[in-house]
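Read the structure below first, then the notes.
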Amino acid sequence: MTLMQMFVTFWESYQKSDSFLQPVWDYLRLNHFDTLRSPLFPVILTVASYFVLCLPYLVCDVMGDNWPAIYQYKIQPGKMATPAMLLHCSGVTLYNHLLLVFPAAVAQWLWRPPIPLPEQAPTLLELAVGVAGNLLLFDFQYFIWHILHHRIQWLYATFHAIHHIYSAPFALATQCLGGWELVTVGFWTTLNPVLLRCHLLTTWAFMVVHVYVSVEDHCGYDFPWSTSRLIPFGVYGGPSKHDVHHQKPNTNFAPHFSHWDKLFGFHTDFSFVKHK
């Protein structure tokens, strides 16, 4: 399909629909039907998004203090990821996906066959509300899961301790997880859109956004454009909040937002690090 043909298809779809996303959905549905229905597509989408989104932060880590304009936003200056640390985290991520996530995705095909692709695309509002709803639901689930794995020593030592090897997080440490934890996170990420009855396009958008905010939380940099600075009133935690958790593990259990930690008394802000 030529660029002109794509433009014509998009324009015709837009004129026939109330959804701004309809042309995009029609193009994907009509030209990549088999790919979208593959049980491996969500896995490939999230893994590819993960490494692509880690790349800018990886460049920042490699440049270090040779890039002062960026290094000034480093949360823990002087604690940079070494090549060995980067290779270790990449290896753990690939190992878990090849041996656990990909087989689980194929097995899912057996108990939950792919549903037909709907003809109608979601509206921008439906997509935004769906993504936000999934993030909030996951935030609550992981908050409970996280507390249990810090409170019960066997769970921590067996499954979660690997994630706390590094007290100064960096982007590629995001998915340096025990296999059980990664499978659990993947289960919720897959199940929650079904519970909330989300459109498939909303589901995939949520997966990519979830990867992005997870990587940002672990990146080790508090940029002026970080999500936590764009969302007002301290509602969203962001990299500084999660960085504190890696230094003071019995605080800041919620992965993204701040309300659960504040409600149950686990919230610790970045002043802990500055004072220290």
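For the structure tokens, the naming scheme is as follows: chains receive sequential letters (A, B, ...) according to their order of presentation, residues are indexed from 1 within each chain, and ligands are indexed from 1 in presentation order.
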
Which residues of region 101-121 of chain A have any atom within 9 Å of an atom in region 29-37 of chain A when counting only C-alpha atoms, and what is the closest pair of atoms for each, with the distance in Å to one decimal? Order the rows by chain and rising number and write it as JSON lines.
```
{"residue": "A:Pro114", "atom": "CA", "partner": "A:Arg37", "partner_atom": "CA", "distance": 6.2}
{"residue": "A:Ile115", "atom": "CA", "partner": "A:Arg37", "partner_atom": "CA", "distance": 8.0}
{"residue": "A:Pro116", "atom": "CA", "partner": "A:Arg37", "partner_atom": "CA", "distance": 8.2}
{"residue": "A:Leu117", "atom": "CA", "partner": "A:Arg29", "partner_atom": "CA", "distance": 7.1}
{"residue": "A:Pro118", "atom": "CA", "partner": "A:Arg29", "partner_atom": "CA", "distance": 8.6}
{"residue": "A:Glu119", "atom": "CA", "partner": "A:Arg29", "partner_atom": "CA", "distance": 8.0}
```

Each region 121-234 of chain A residue no farther than 9 Å from region 49-59 of chain A, nearest pair in Å, only C-alpha atoms, as CSV:
```
residue,atom,partner,partner_atom,distance
A:Phe170,CA,A:Tyr57,CA,7.9
A:Ala171,CA,A:Cys54,CA,5.6
A:Leu172,CA,A:Cys54,CA,6.3
A:Gln175,CA,A:Tyr50,CA,8.9
A:Val208,CA,A:Ser49,CA,6.4
A:Val211,CA,A:Tyr50,CA,6.0
A:Tyr212,CA,A:Leu53,CA,6.5
A:Val215,CA,A:Cys54,CA,6.7
A:Glu216,CA,A:Cys54,CA,8.6
A:Cys219,CA,A:Tyr57,CA,6.4
A:Gly220,CA,A:Tyr57,CA,8.6
A:Tyr221,CA,A:Tyr57,CA,8.5
```

Exercise for review: Give the answer as one residue: which of A:His256, A:His163, A:Lys262, A:Lys248 has the shortest atom-to-atom distance to Ser228 (chain A), using only C-alpha atoms?
Suggested key: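 Smallest distance to Ser228 (chain A) is found for A:His256.
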
- Spatial neighbours of region 86-103 of chain A, 9 Å, only C-alpha atoms, chain gap at least 3 places, as an MDAnalysis selection string: chainID A and resid 39:40 43:44 47 58 81:83 106:108 170 172:180 182:183 186

Export, as a PDB file, in the first residue's frame, the selected residues with C-alpha atoms.
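Dumped everything to result_38.pdb:
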```pdb
ATOM      1  CA  PRO A  39      -1.283 -14.735  20.928  1.00  0.00           C
ATOM      2  CA  LEU A  40       2.301 -13.464  20.728  1.00  0.00           C
ATOM      3  CA  VAL A  43       4.095  -9.961  24.201  1.00  0.00           C
ATOM      4  CA  ILE A  44       6.079  -8.726  21.209  1.00  0.00           C
ATOM      5  CA  VAL A  47       8.925  -6.345  24.884  1.00  0.00           C
ATOM      6  CA  LEU A  58      20.472   4.006  28.451  1.00  0.00           C
ATOM      7  CA  ALA A  81      24.808   1.610  35.944  1.00  0.00           C
ATOM      8  CA  THR A  82      27.873  -0.388  34.875  1.00  0.00           C
ATOM      9  CA  PRO A  83      28.008  -2.526  31.690  1.00  0.00           C
ATOM     10  CA  VAL A 106       0.680 -19.512  23.766  1.00  0.00           C
ATOM     11  CA  ALA A 107      -1.090 -21.416  26.558  1.00  0.00           C
ATOM     12  CA  GLN A 108      -3.568 -18.544  26.868  1.00  0.00           C
ATOM     13  CA  PHE A 170      18.057   2.506  36.181  1.00  0.00           C
ATOM     14  CA  LEU A 172      16.856  -1.666  32.367  1.00  0.00           C
ATOM     15  CA  ALA A 173      16.311  -2.691  36.009  1.00  0.00           C
ATOM     16  CA  THR A 174      12.554  -2.216  35.510  1.00  0.00           C
ATOM     17  CA  GLN A 175      11.990  -5.824  34.458  1.00  0.00           C
ATOM     18  CA  CYS A 176      14.838  -7.344  36.411  1.00  0.00           C
ATOM     19  CA  LEU A 177      12.268  -9.451  38.238  1.00  0.00           C
ATOM     20  CA  GLY A 178      11.733 -12.934  39.511  1.00  0.00           C
ATOM     21  CA  GLY A 179       9.750 -15.113  37.124  1.00  0.00           C
ATOM     22  CA  TRP A 180       6.743 -15.309  39.462  1.00  0.00           C
ATOM     23  CA  LEU A 182       6.750 -11.006  35.974  1.00  0.00           C
ATOM     24  CA  VAL A 183       4.039 -13.616  35.343  1.00  0.00           C
ATOM     25  CA  GLY A 186       1.592  -9.943  33.012  1.00  0.00           C
TER      26      GLY A 186
END
```

Find the residues around Glu126 (chain A) up to 10 Å (only C-alpha atoms counted), leave out those fewer than 3 positions away in its own chain, and share them as a list in words.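 Close residues of Glu126 (chain A): Ser19, Ala121, Pro122, Thr123, Val129, Gly130, Val131, Ala132, Cys198, His199 and Thr202 of chain A.
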
Q) Counting only C-alpha atoms, which of A:Leu136, A:Gly64, A:Leu201, A:Trp109 gets nearest to Gln22 (chain A)? A)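 Of all the options, A:Leu201 lies closest to Gln22 (chain A).
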